[in-house]
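Q: The file below is data10.txt, compact mmCIF, C-alpha atoms:
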```txt
# COMPACT_ATOMS: atom_id res chain seq x y z
CA MET A 1 -13.98 -16.03 54.09
CA THR A 2 -17.00 -14.51 55.87
CA SER A 3 -19.23 -12.50 53.57
CA LEU A 4 -19.48 -8.76 54.09
CA THR A 5 -23.23 -8.87 54.84
CA ASN A 6 -22.58 -11.09 57.84
CA THR A 7 -20.06 -8.74 59.40
CA ILE A 8 -22.11 -5.55 59.60
CA GLY A 9 -25.53 -4.63 60.98
CA PRO A 10 -26.92 -4.55 64.51
CA ASP A 11 -27.16 -8.32 64.98
CA ALA A 12 -23.77 -9.23 63.61
CA PRO A 13 -21.47 -11.06 66.03
CA ALA A 14 -18.49 -9.28 64.53
CA PRO A 15 -15.00 -10.13 65.75
CA ALA A 16 -13.68 -7.41 68.05
CA PHE A 17 -10.98 -6.17 65.68
CA THR A 18 -13.39 -5.40 62.83
CA ALA A 19 -15.15 -2.81 64.99
CA VAL A 20 -12.52 -1.27 67.25
CA GLY A 21 -9.10 -2.76 66.56
CA GLY A 22 -6.71 -4.10 69.17
CA ASP A 23 -5.72 -2.74 72.51
CA VAL A 24 -2.58 -0.57 72.83
CA PRO A 25 -0.45 -3.36 74.40
CA ASP A 26 -1.38 -5.60 71.46
CA TYR A 27 0.26 -3.17 69.03
CA PHE A 28 3.29 -3.00 71.28
CA ALA A 29 3.44 -6.81 71.34
CA LEU A 30 3.56 -6.79 67.52
CA LEU A 31 6.96 -5.09 67.79
CA LYS A 32 8.49 -8.02 69.72
CA PRO A 33 9.68 -5.78 72.60
CA ARG A 34 12.20 -8.29 73.96
CA VAL A 35 13.93 -8.43 70.57
CA MET A 36 13.89 -4.63 70.49
CA VAL A 37 15.72 -4.49 73.83
CA LEU A 38 18.39 -6.86 72.48
CA VAL A 39 18.71 -4.76 69.32
CA ILE A 40 19.10 -1.51 71.31
CA PHE A 41 21.75 -3.18 73.45
CA THR A 42 23.83 -4.62 70.59
CA ALA A 43 23.52 -1.42 68.53
CA LEU A 44 24.68 0.60 71.54
CA VAL A 45 27.74 -1.64 71.89
CA GLY A 46 28.41 -1.16 68.17
CA MET A 47 28.35 2.59 68.83
CA VAL A 48 30.70 2.56 71.84
CA VAL A 49 33.39 0.40 70.19
CA SER A 50 33.52 2.77 67.21
CA GLN A 51 36.07 5.45 66.57
CA GLY A 52 34.29 8.77 66.51
CA HIS A 53 31.84 10.87 68.40
CA VAL A 54 28.11 11.35 68.16
CA GLN A 55 26.03 14.09 69.76
CA PRO A 56 24.17 12.37 72.67
CA ALA A 57 20.70 13.44 71.47
CA ILE A 58 21.50 12.15 67.97
CA GLY A 59 22.72 8.89 69.53
CA VAL A 60 19.50 8.43 71.52
CA ILE A 61 17.27 9.26 68.54
CA SER A 62 19.30 6.88 66.36
CA LEU A 63 18.95 4.06 68.89
CA LEU A 64 15.21 4.73 69.03
CA ALA A 65 14.98 4.58 65.24
CA ILE A 66 16.98 1.33 65.11
CA ALA A 67 14.72 -0.18 67.80
CA VAL A 68 11.54 0.88 66.00
CA GLY A 69 12.93 -0.45 62.71
CA ALA A 70 13.62 -3.80 64.38
CA GLY A 71 10.11 -3.72 65.87
CA ALA A 72 8.65 -2.98 62.45
CA SER A 73 10.38 -5.99 60.94
CA GLY A 74 9.06 -8.10 63.82
CA CYS A 75 5.57 -6.79 63.10
CA LEU A 76 5.87 -7.69 59.40
CA ASN A 77 7.16 -11.11 60.44
CA MET A 78 4.08 -11.64 62.63
CA TRP A 79 1.84 -10.50 59.79
CA TRP A 80 3.36 -13.01 57.38
CA ASP A 81 3.69 -15.89 59.86
CA ALA A 82 0.25 -15.64 61.50
CA ASP A 83 -0.71 -19.06 60.10
CA ILE A 84 2.39 -20.66 61.63
CA ASP A 85 1.99 -18.80 64.92
CA ALA A 86 -1.56 -20.11 65.26
CA VAL A 87 -0.45 -23.76 65.42
CA MET A 88 2.49 -23.32 67.79
CA THR A 89 1.82 -23.10 71.54
CA ARG A 90 4.66 -20.58 72.04
CA THR A 91 3.10 -18.10 69.60
CA ALA A 92 -0.64 -18.93 69.46
CA GLN A 93 -1.52 -16.04 71.78
CA ARG A 94 0.17 -13.40 69.64
CA PRO A 95 -2.24 -10.59 68.65
CA ILE A 96 -2.96 -11.74 65.07
CA PRO A 97 -3.58 -15.48 65.59
CA ALA A 98 -5.53 -14.68 68.76
CA GLY A 99 -7.82 -12.40 66.68
CA ARG A 100 -7.11 -9.19 68.60
CA ILE A 101 -5.53 -7.40 65.61
CA SER A 102 -6.32 -8.01 61.95
CA SER A 103 -3.63 -8.90 59.41
CA GLU A 104 -4.30 -5.71 57.46
CA GLU A 105 -3.79 -3.53 60.52
CA ALA A 106 -0.52 -5.29 61.34
CA LEU A 107 0.72 -4.90 57.76
CA GLY A 108 -0.08 -1.18 57.73
CA PHE A 109 1.47 -0.68 61.15
CA GLY A 110 4.65 -2.54 60.17
CA LEU A 111 5.07 -0.74 56.84
CA PHE A 112 4.50 2.70 58.39
CA LEU A 113 7.04 2.10 61.16
CA SER A 114 9.55 0.67 58.68
CA VAL A 115 9.48 3.79 56.51
CA ALA A 116 9.35 6.14 59.51
CA SER A 117 12.32 4.52 61.29
CA VAL A 118 14.53 4.57 58.18
CA LEU A 119 13.59 8.19 57.48
CA VAL A 120 14.34 9.31 61.04
CA LEU A 121 17.68 7.46 61.13
CA GLY A 122 18.70 8.97 57.81
CA LEU A 123 17.85 12.49 58.94
CA ALA A 124 19.30 12.08 62.43
CA ALA A 125 22.52 10.18 61.67
CA ASN A 126 23.39 9.44 58.06
CA TRP A 127 22.02 7.58 55.05
CA LEU A 128 24.53 4.72 55.32
CA ALA A 129 23.05 3.80 58.71
CA ALA A 130 19.53 4.29 57.32
CA GLY A 131 20.33 2.10 54.33
CA LEU A 132 21.67 -0.63 56.60
CA LEU A 133 18.50 -0.42 58.72
CA ALA A 134 16.33 -0.66 55.59
CA PHE A 135 18.38 -3.67 54.44
CA THR A 136 17.92 -5.31 57.86
CA ILE A 137 14.15 -4.83 57.75
CA VAL A 138 13.86 -6.17 54.19
CA PHE A 139 16.21 -9.06 54.95
CA TYR A 140 14.23 -10.14 58.02
CA ALA A 141 10.73 -9.57 56.64
CA VAL A 142 11.26 -10.72 53.05
CA ILE A 143 14.37 -12.89 52.75
CA TYR A 144 13.97 -14.68 56.09
CA SER A 145 10.23 -14.64 56.86
CA MET A 146 8.77 -14.94 53.37
CA TRP A 147 11.39 -17.14 51.78
CA LEU A 148 14.03 -18.92 53.89
CA LYS A 149 11.94 -19.83 56.93
CA ARG A 150 9.62 -22.17 55.01
CA ALA A 151 12.14 -23.23 52.36
CA THR A 152 15.34 -24.50 53.94
CA ALA A 153 16.80 -25.92 57.14
CA GLN A 154 19.47 -23.23 56.84
CA ASN A 155 16.74 -20.64 57.53
CA ILE A 156 18.08 -19.33 60.82
CA VAL A 157 21.71 -19.66 59.69
CA ILE A 158 21.26 -17.20 56.82
CA GLY A 159 18.39 -15.29 58.47
CA GLY A 160 20.60 -14.75 61.51
CA ALA A 161 22.34 -12.00 59.54
CA ALA A 162 19.37 -9.72 60.23
CA GLY A 163 19.76 -10.13 63.98
CA ALA A 164 23.50 -9.61 63.72
CA LEU A 165 23.38 -6.28 61.89
CA PRO A 166 22.47 -3.82 64.72
CA PRO A 167 26.11 -3.36 65.88
CA VAL A 168 27.04 -2.55 62.27
CA ILE A 169 24.26 0.04 62.10
CA GLY A 170 25.44 1.42 65.45
CA GLN A 171 28.96 1.89 64.12
CA ALA A 172 27.63 3.52 60.95
CA VAL A 173 25.71 6.02 63.13
CA VAL A 174 28.86 7.07 65.00
CA SER A 175 31.58 6.90 62.36
CA GLY A 176 29.64 7.15 59.11
CA SER A 177 31.32 3.94 57.94
CA VAL A 178 31.52 0.23 58.68
CA GLY A 179 34.67 -0.92 60.45
CA ILE A 180 36.29 -4.15 61.54
CA GLU A 181 34.97 -3.78 65.12
CA SER A 182 31.29 -4.01 64.19
CA LEU A 183 31.98 -6.69 61.57
CA VAL A 184 33.54 -8.87 64.29
CA LEU A 185 30.48 -8.29 66.50
CA PHE A 186 28.31 -9.17 63.50
CA ALA A 187 30.25 -12.42 63.06
CA ILE A 188 29.91 -13.33 66.75
CA ILE A 189 26.10 -12.91 66.71
CA PHE A 190 25.86 -14.63 63.32
CA ILE A 191 27.74 -17.76 64.49
CA TRP A 192 25.99 -17.68 67.89
CA THR A 193 22.50 -17.78 66.35
CA PRO A 194 22.35 -21.40 65.02
CA PRO A 195 23.39 -23.22 68.21
CA HIS A 196 21.13 -20.89 70.21
CA PHE A 197 18.00 -21.54 68.12
CA TRP A 198 18.69 -25.19 67.34
CA ALA A 199 18.82 -25.93 71.08
CA LEU A 200 15.23 -24.65 71.29
CA ALA A 201 14.29 -26.38 68.02
CA LEU A 202 15.40 -29.76 69.45
CA ILE A 203 12.71 -29.43 72.11
CA LYS A 204 10.07 -27.86 69.85
CA ALA A 205 10.70 -30.19 66.88
CA GLU A 206 7.15 -31.60 66.94
CA GLU A 207 5.60 -28.15 66.88
CA TYR A 208 7.81 -27.03 64.02
CA ALA A 209 6.88 -30.20 62.13
CA ARG A 210 3.18 -29.53 62.69
CA ALA A 211 3.64 -25.97 61.39
CA GLY A 212 5.59 -27.24 58.37
CA ILE A 213 8.77 -25.33 59.21
CA PRO A 214 11.92 -27.16 58.05
CA MET A 215 14.03 -26.59 61.15
CA MET A 216 17.30 -28.50 61.30
CA PRO A 217 16.10 -31.24 63.75
CA ASN A 218 13.14 -31.97 61.46
CA VAL A 219 15.21 -32.11 58.27
CA ALA A 220 18.65 -33.44 59.22
CA GLY A 221 17.51 -35.17 62.41
CA PRO A 222 18.31 -34.52 66.08
CA ALA A 223 21.67 -36.33 66.01
CA SER A 224 23.00 -34.21 63.13
CA THR A 225 21.63 -31.04 64.78
CA ARG A 226 23.46 -31.84 68.03
CA ARG A 227 26.73 -32.34 66.14
CA GLN A 228 26.24 -29.06 64.29
CA ILE A 229 25.55 -27.27 67.59
CA VAL A 230 28.92 -28.50 68.85
CA TRP A 231 30.75 -27.50 65.64
CA TYR A 232 29.28 -24.01 65.62
CA THR A 233 30.21 -23.64 69.30
CA VAL A 234 33.76 -24.83 68.64
CA PHE A 235 34.03 -22.04 66.10
CA LEU A 236 32.19 -19.49 68.26
CA ALA A 237 34.34 -19.80 71.41
CA PRO A 238 37.60 -18.56 69.80
CA LEU A 239 35.70 -16.11 67.58
CA GLY A 240 34.39 -14.51 70.77
CA LEU A 241 37.98 -13.63 71.68
CA VAL A 242 38.82 -11.83 68.43
CA PRO A 243 37.96 -8.40 69.96
CA VAL A 244 40.84 -8.99 72.39
CA ALA A 245 43.23 -9.77 69.55
CA LEU A 246 42.09 -6.66 67.68
CA GLY A 247 42.55 -4.49 70.74
CA PHE A 248 39.00 -3.30 71.44
CA GLY A 249 38.29 -5.98 74.06
CA GLY A 250 40.33 -5.73 77.25
CA LEU A 251 41.09 -7.88 80.31
CA LEU A 252 37.49 -8.03 81.58
CA TYR A 253 36.23 -9.02 78.15
CA ALA A 254 38.96 -11.66 77.81
CA VAL A 255 38.08 -13.29 81.14
CA ILE A 256 34.36 -13.37 80.29
CA GLY A 257 35.11 -14.53 76.75
CA VAL A 258 37.26 -17.44 77.93
CA LEU A 259 34.93 -18.55 80.74
CA GLY A 260 31.82 -18.05 78.62
CA GLY A 261 33.34 -19.87 75.65
CA LEU A 262 34.28 -22.84 77.86
CA GLY A 263 30.75 -22.80 79.32
CA MET A 264 29.24 -22.82 75.82
CA LEU A 265 31.44 -25.78 74.85
CA ALA A 266 30.44 -27.66 78.02
CA PHE A 267 26.73 -27.05 77.40
CA SER A 268 27.00 -28.08 73.75
CA ILE A 269 28.72 -31.35 74.71
CA ARG A 270 25.97 -31.94 77.25
CA VAL A 271 23.43 -31.51 74.43
CA LEU A 272 25.41 -34.00 72.33
CA LYS A 273 25.48 -36.64 75.08
CA ASN A 274 21.94 -36.37 76.48
CA ARG A 275 19.66 -37.67 73.75
CA GLU A 276 16.50 -38.87 75.48
CA GLY A 277 13.77 -37.92 77.94
CA GLU A 278 14.08 -35.26 80.58
CA ALA A 279 17.88 -35.18 80.36
CA GLU A 280 17.63 -34.19 76.69
CA LYS A 281 15.20 -31.35 77.50
CA ARG A 282 17.31 -30.11 80.41
CA ALA A 283 20.47 -30.13 78.29
CA ALA A 284 18.83 -28.29 75.40
CA MET A 285 17.18 -25.69 77.62
CA GLY A 286 20.47 -25.27 79.49
CA MET A 287 22.24 -24.56 76.19
CA PHE A 288 19.48 -22.16 75.11
CA GLY A 289 19.56 -20.24 78.40
CA PHE A 290 23.34 -20.15 78.75
CA SER A 291 23.80 -18.94 75.16
CA ILE A 292 21.67 -15.86 75.98
CA LEU A 293 23.75 -15.24 79.10
CA TYR A 294 26.99 -15.70 77.12
CA LEU A 295 26.13 -13.15 74.42
CA PHE A 296 24.76 -10.70 76.99
CA ALA A 297 27.93 -11.02 79.12
CA LEU A 298 30.26 -10.53 76.14
CA PHE A 299 28.50 -7.37 74.99
CA SER A 300 28.10 -6.08 78.57
CA ALA A 301 31.85 -6.44 79.06
CA LEU A 302 32.55 -4.37 75.95
CA LEU A 303 30.06 -1.74 77.10
CA ALA A 304 31.54 -1.61 80.60
CA GLU A 305 35.11 -1.39 79.32
CA GLN A 306 34.43 1.33 76.79
CA SER A 307 31.93 3.39 78.80
CA PHE A 308 33.09 3.10 82.44
CA GLY A 309 36.86 3.22 82.09
CA LEU A 310 37.39 -0.49 82.81
CA PHE A 311 39.43 -1.12 79.66
CA ARG A 312 42.78 -2.80 80.40
CA PRO A 313 44.48 -3.67 77.08
CA LEU A 314 46.05 -7.11 76.67
CA VAL A 315 47.65 -6.57 73.27
CA MET B 1 -16.72 4.47 54.85
CA PRO B 2 -19.69 2.61 56.33
CA ASP B 3 -22.92 2.79 54.33
CA PRO B 4 -25.25 5.26 56.16
CA GLU B 5 -28.23 3.15 55.11
CA VAL B 6 -26.95 0.12 57.00
CA PRO B 7 -27.53 0.30 60.76
CA GLN B 8 -24.24 -0.13 62.62
CA ARG B 9 -23.73 -2.33 65.63
CA GLN B 10 -23.47 -0.36 68.88
CA LEU B 11 -20.07 -0.70 70.53
CA THR B 12 -20.02 -2.13 74.01
CA PRO B 13 -18.58 0.09 76.79
CA ALA B 14 -15.46 -2.06 76.81
CA GLU B 15 -15.00 -1.62 73.06
CA GLU B 16 -15.52 2.12 73.33
CA ALA B 17 -12.96 2.33 76.12
CA ARG B 18 -10.49 0.37 74.00
CA ARG B 19 -11.04 2.61 71.01
CA ARG B 20 -10.57 5.70 73.20
CA LYS B 21 -7.30 4.36 74.62
CA ARG B 22 -6.05 3.66 71.14
CA SER B 23 -6.98 7.15 69.96
CA VAL B 24 -5.11 8.69 72.90
CA ALA B 25 -2.07 6.49 72.11
CA ILE B 26 -2.12 7.63 68.46
CA ALA B 27 -2.35 11.28 69.56
CA LEU B 28 0.56 10.86 71.97
CA ALA B 29 2.62 9.08 69.29
CA LEU B 30 1.98 11.89 66.82
CA GLY B 31 2.94 14.45 69.46
CA ALA B 32 6.15 12.53 70.20
CA TRP B 33 6.85 12.38 66.45
CA VAL B 34 6.57 16.18 66.15
CA LEU B 35 8.69 16.71 69.27
CA LEU B 36 11.33 14.33 67.92
CA PHE B 37 11.64 16.30 64.69
CA PHE B 38 11.77 19.57 66.65
CA VAL B 39 14.61 18.27 68.87
CA LEU B 40 16.38 16.84 65.84
CA THR B 41 16.20 20.18 64.05
CA ILE B 42 17.51 22.13 67.05
CA VAL B 43 20.36 19.65 67.59
CA LYS B 44 21.31 19.69 63.91
CA LEU B 45 21.32 23.49 63.80
CA GLY B 46 23.60 23.59 66.83
CA PRO B 47 24.42 26.52 69.14
CA GLN B 48 26.28 28.45 66.42
CA ILE B 49 22.99 29.30 64.73
CA LEU B 50 22.55 32.13 67.26
CA SER B 51 25.96 33.73 66.66
CA ARG B 52 25.70 34.79 63.05
CA PRO B 53 26.27 38.29 61.58
CA LEU B 54 23.07 40.31 61.46
```
What is this structure when it is put down as structure tokens?
A:
Amino acid sequence: MTSLTNTIGPDAPAPAFTAVGGDVPDYFALLKPRVMVLVIFTALVGMVVSQGHVQPAIGVISLLAIAVGAGASGCLNMWWDADIDAVMTRTAQRPIPAGRISSEEALGFGLFLSVASVLVLGLAANWLAAGLLAFTIVFYAVIYSMWLKRATAQNIVIGGAAGALPPVIGQAVVSGSVGIESLVLFAIIFIWTPPHFWALALIKAEEYARAGIPMMPNVAGPASTRRQIVWYTVFLAPLGLVPVALGFGGLLYAVIGVLGGLGMLAFSIRVLKNREGEAEKRAAMGMFGFSILYLFALFSALLAEQSFGLFRPLV
Amino acid sequence: MPDPEVPQRQLTPAEEARRRKRSVAIALALGAWVLLFFVLTIVKLGPQILSRPL
């Protein structure tokens, strides 16, 4: 560590953050804005599939609080994982490893936003929703980032629960309770997460190995990972249709669920068959990209059916 | 707090501009925070707050 006497005084070549801190966009980047958008979207769907009514202003404030809470957990994740981020090309330019924001600033920022978001959600909606948000933040920052990520190849399987909780929080905001609808959405995101991330991990296996992260391809090997991607997808495709069986997904959702599920299966089999060179990369990136489209389409269908009068019941 | 006896490095214009932008962002965020609680309070009170027996 640099001694204090070298970091102050007129001739000191102090790093930028010690004098003035980061730029505003750097703080925004700490919140993982793309993840926040996904969280807002899935929480909103959790709200619209729920029985009940919420005052629009309360709904907007609640969504904002959920998004900020998710951003805060992302910030704490970046604080803890700065050493890993520094050695991976995908994350080396994040504000902390790039030296634009200090670890201490990021920690303070993340903790403040965590407390503030839970407080606002509790006051705006109810304390069940706030408790679920607090659990999500702790689960992602502590259970996943500090423990599972560096300890087990099942890291993103178990850690995926944090990313799957926003619809449950959304339902708690509207109805004050947790119902079967949001639990099904939770299950869909939970089972979707491993094949989605393992497709990327197949390509980035060397980087994960260099960073010392026990991702599935590094621990069980690429062949086993490909088989597990297929098995998870085999389970995911019919699971994606459960909303239809339960009556809160209609005709539009069913069509997208069937076509998307078949697409996911096709992409997973492509990953299984293409094991070398460019074909392997194309197959894995295809699976990664299509899985995002699949989840987005499923949730968009629910949103469209519930919000724009497109719901045509099948059961 | 910096020690007043120790001469401090002068910030460059770029650093000063960055610090100013960050200060403005903090001020705006605090303003938004106050506004949010104001809106929340009004919404929670509801319209019936005005029609009470005097």
Q: Select, from A:Ala124, A:Ile180, A:Ala65, A:Ala279, the residue with the minimum atom-to-atom distance to Leu45 of chain B, counting all atoms listed in the file.
A: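 With all atoms listed in the file as the atom set, the closest residue is A:Ala124.
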Q: Between atom CA of Met47 of chain A and atom CA of Gly170 of chain A, what distance in Å does the model show, to one decimal?
A: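 Interatomic distance, atom CA of Met47 of chain A to atom CA of Gly170 of chain A: 4.6 Å.
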Q: Which protein, DNA or RNA residues are at most 12 Å from (-5.4, 3.9, 72.6) in the file's coordinates when you count only C-alpha atoms, listed as a list in words?
A: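 The requested residues, written out, are Val20, Gly21, Gly22, Asp23, Val24, Pro25, Asp26, Tyr27 and Phe28 of chain A; Glu15, Glu16, Ala17, Arg18, Arg19, Arg20, Lys21, Arg22, Ser23, Val24, Ala25, Ile26, Ala27, Leu28 and Ala29 of chain B.
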Q: Kindly export the residues of the current selection with C-alpha atoms, as a compact mmCIF listing (two decimals), in the frame of the given file.
A:
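Listing of result.txt after writing:
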```txt
# COMPACT_ATOMS: atom_id res chain seq x y z
CA VAL A 20 -12.52 -1.27 67.25
CA GLY A 21 -9.10 -2.76 66.56
CA GLY A 22 -6.71 -4.10 69.17
CA ASP A 23 -5.72 -2.74 72.51
CA VAL A 24 -2.58 -0.57 72.83
CA PRO A 25 -0.45 -3.36 74.40
CA ASP A 26 -1.38 -5.60 71.46
CA TYR A 27 0.26 -3.17 69.03
CA PHE A 28 3.29 -3.00 71.28
CA GLU B 15 -15.00 -1.62 73.06
CA GLU B 16 -15.52 2.12 73.33
CA ALA B 17 -12.96 2.33 76.12
CA ARG B 18 -10.49 0.37 74.00
CA ARG B 19 -11.04 2.61 71.01
CA ARG B 20 -10.57 5.70 73.20
CA LYS B 21 -7.30 4.36 74.62
CA ARG B 22 -6.05 3.66 71.14
CA SER B 23 -6.98 7.15 69.96
CA VAL B 24 -5.11 8.69 72.90
CA ALA B 25 -2.07 6.49 72.11
CA ILE B 26 -2.12 7.63 68.46
CA ALA B 27 -2.35 11.28 69.56
CA LEU B 28 0.56 10.86 71.97
CA ALA B 29 2.62 9.08 69.29
```
Q: Can you tell me how far atom CA of Val45 of chain A sits from atom CA of Pro238 of chain A, in Å to one decimal?
A: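 Distance reported for this atom pair: 19.7 Å.
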Q: Report, in Å with one decimal, the straight-line distance from atom CA of Tyr232 of chain A to atom CA of Ala67 of chain A.
A: 28.0 Å
Q: Since fewer atoms than expected are present, regenerate N, CA and C atoms for segment 174-202 of chain A and write them as a PDB file, in the frame of the given file.
A:
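Printed below is part.pdb as written:
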```pdb
ATOM      1  N   VAL A 174      27.800   6.293  64.342  1.00  0.00           N
ATOM      2  CA  VAL A 174      28.860   7.070  65.000  1.00  0.00           C
ATOM      3  C   VAL A 174      29.931   7.525  64.011  1.00  0.00           C
ATOM      4  N   SER A 175      30.403   6.589  63.179  1.00  0.00           N
ATOM      5  CA  SER A 175      31.580   6.900  62.360  1.00  0.00           C
ATOM      6  C   SER A 175      31.241   7.200  60.905  1.00  0.00           C
ATOM      7  N   GLY A 176      30.005   6.923  60.511  1.00  0.00           N
ATOM      8  CA  GLY A 176      29.640   7.150  59.110  1.00  0.00           C
ATOM      9  C   GLY A 176      30.202   6.093  58.177  1.00  0.00           C
ATOM     10  N   SER A 177      30.776   5.029  58.764  1.00  0.00           N
ATOM     11  CA  SER A 177      31.320   3.940  57.940  1.00  0.00           C
ATOM     12  C   SER A 177      31.196   2.630  58.698  1.00  0.00           C
ATOM     13  N   VAL A 178      31.561   1.542  58.041  1.00  0.00           N
ATOM     14  CA  VAL A 178      31.520   0.230  58.680  1.00  0.00           C
ATOM     15  C   VAL A 178      32.946  -0.243  58.892  1.00  0.00           C
ATOM     16  N   GLY A 179      33.293  -0.537  60.137  1.00  0.00           N
ATOM     17  CA  GLY A 179      34.670  -0.920  60.450  1.00  0.00           C
ATOM     18  C   GLY A 179      34.766  -2.353  60.919  1.00  0.00           C
ATOM     19  N   ILE A 180      36.021  -2.763  61.163  1.00  0.00           N
ATOM     20  CA  ILE A 180      36.290  -4.150  61.540  1.00  0.00           C
ATOM     21  C   ILE A 180      35.634  -4.500  62.886  1.00  0.00           C
ATOM     22  N   GLU A 181      35.536  -3.503  63.785  1.00  0.00           N
ATOM     23  CA  GLU A 181      34.970  -3.780  65.120  1.00  0.00           C
ATOM     24  C   GLU A 181      33.539  -4.318  65.007  1.00  0.00           C
ATOM     25  N   SER A 182      32.698  -3.585  64.274  1.00  0.00           N
ATOM     26  CA  SER A 182      31.290  -4.010  64.190  1.00  0.00           C
ATOM     27  C   SER A 182      31.157  -5.275  63.336  1.00  0.00           C
ATOM     28  N   LEU A 183      32.061  -5.466  62.374  1.00  0.00           N
ATOM     29  CA  LEU A 183      31.980  -6.690  61.570  1.00  0.00           C
ATOM     30  C   LEU A 183      32.308  -7.922  62.414  1.00  0.00           C
ATOM     31  N   VAL A 184      33.232  -7.753  63.373  1.00  0.00           N
ATOM     32  CA  VAL A 184      33.540  -8.870  64.290  1.00  0.00           C
ATOM     33  C   VAL A 184      32.323  -9.154  65.175  1.00  0.00           C
ATOM     34  N   LEU A 185      31.682  -8.097  65.669  1.00  0.00           N
ATOM     35  CA  LEU A 185      30.480  -8.290  66.500  1.00  0.00           C
ATOM     36  C   LEU A 185      29.370  -8.948  65.669  1.00  0.00           C
ATOM     37  N   PHE A 186      29.265  -8.535  64.412  1.00  0.00           N
ATOM     38  CA  PHE A 186      28.310  -9.170  63.500  1.00  0.00           C
ATOM     39  C   PHE A 186      28.595 -10.673  63.403  1.00  0.00           C
ATOM     40  N   ALA A 187      29.870 -11.006  63.214  1.00  0.00           N
ATOM     41  CA  ALA A 187      30.250 -12.420  63.060  1.00  0.00           C
ATOM     42  C   ALA A 187      29.934 -13.220  64.328  1.00  0.00           C
ATOM     43  N   ILE A 188      30.178 -12.622  65.482  1.00  0.00           N
ATOM     44  CA  ILE A 188      29.910 -13.330  66.750  1.00  0.00           C
ATOM     45  C   ILE A 188      28.409 -13.653  66.860  1.00  0.00           C
ATOM     46  N   ILE A 189      27.546 -12.656  66.605  1.00  0.00           N
ATOM     47  CA  ILE A 189      26.100 -12.910  66.710  1.00  0.00           C
ATOM     48  C   ILE A 189      25.651 -13.900  65.633  1.00  0.00           C
ATOM     49  N   PHE A 190      26.228 -13.759  64.446  1.00  0.00           N
ATOM     50  CA  PHE A 190      25.860 -14.630  63.320  1.00  0.00           C
ATOM     51  C   PHE A 190      26.159 -16.102  63.629  1.00  0.00           C
ATOM     52  N   ILE A 191      27.347 -16.364  64.176  1.00  0.00           N
ATOM     53  CA  ILE A 191      27.740 -17.760  64.490  1.00  0.00           C
ATOM     54  C   ILE A 191      27.045 -18.244  65.764  1.00  0.00           C
ATOM     55  N   TRP A 192      26.688 -17.320  66.645  1.00  0.00           N
ATOM     56  CA  TRP A 192      25.990 -17.680  67.890  1.00  0.00           C
ATOM     57  C   TRP A 192      24.548 -18.126  67.627  1.00  0.00           C
ATOM     58  N   THR A 193      23.929 -17.559  66.583  1.00  0.00           N
ATOM     59  CA  THR A 193      22.500 -17.780  66.350  1.00  0.00           C
ATOM     60  C   THR A 193      22.112 -19.255  66.126  1.00  0.00           C
ATOM     61  N   PRO A 194      22.796 -20.007  65.244  1.00  0.00           N
ATOM     62  CA  PRO A 194      22.350 -21.400  65.020  1.00  0.00           C
ATOM     63  C   PRO A 194      22.360 -22.275  66.274  1.00  0.00           C
ATOM     64  N   PRO A 195      23.473 -22.359  67.023  1.00  0.00           N
ATOM     65  CA  PRO A 195      23.390 -23.220  68.210  1.00  0.00           C
ATOM     66  C   PRO A 195      22.344 -22.754  69.216  1.00  0.00           C
ATOM     67  N   HIS A 196      22.139 -21.434  69.288  1.00  0.00           N
ATOM     68  CA  HIS A 196      21.130 -20.890  70.210  1.00  0.00           C
ATOM     69  C   HIS A 196      19.729 -21.371  69.811  1.00  0.00           C
ATOM     70  N   PHE A 197      19.366 -21.188  68.541  1.00  0.00           N
ATOM     71  CA  PHE A 197      18.000 -21.540  68.120  1.00  0.00           C
ATOM     72  C   PHE A 197      17.810 -23.041  67.956  1.00  0.00           C
ATOM     73  N   TRP A 198      18.853 -23.749  67.521  1.00  0.00           N
ATOM     74  CA  TRP A 198      18.690 -25.190  67.340  1.00  0.00           C
ATOM     75  C   TRP A 198      18.499 -25.910  68.677  1.00  0.00           C
ATOM     76  N   ALA A 199      19.064 -25.337  69.759  1.00  0.00           N
ATOM     77  CA  ALA A 199      18.820 -25.930  71.080  1.00  0.00           C
ATOM     78  C   ALA A 199      17.325 -25.899  71.386  1.00  0.00           C
ATOM     79  N   LEU A 200      16.686 -24.768  71.078  1.00  0.00           N
ATOM     80  CA  LEU A 200      15.230 -24.650  71.290  1.00  0.00           C
ATOM     81  C   LEU A 200      14.476 -25.549  70.300  1.00  0.00           C
ATOM     82  N   ALA A 201      14.968 -25.593  69.057  1.00  0.00           N
ATOM     83  CA  ALA A 201      14.290 -26.380  68.020  1.00  0.00           C
ATOM     84  C   ALA A 201      14.310 -27.874  68.343  1.00  0.00           C
ATOM     85  N   LEU A 202      15.346 -28.341  69.063  1.00  0.00           N
ATOM     86  CA  LEU A 202      15.400 -29.760  69.450  1.00  0.00           C
ATOM     87  C   LEU A 202      14.196 -30.110  70.325  1.00  0.00           C
TER      88      LEU A 202
END
```
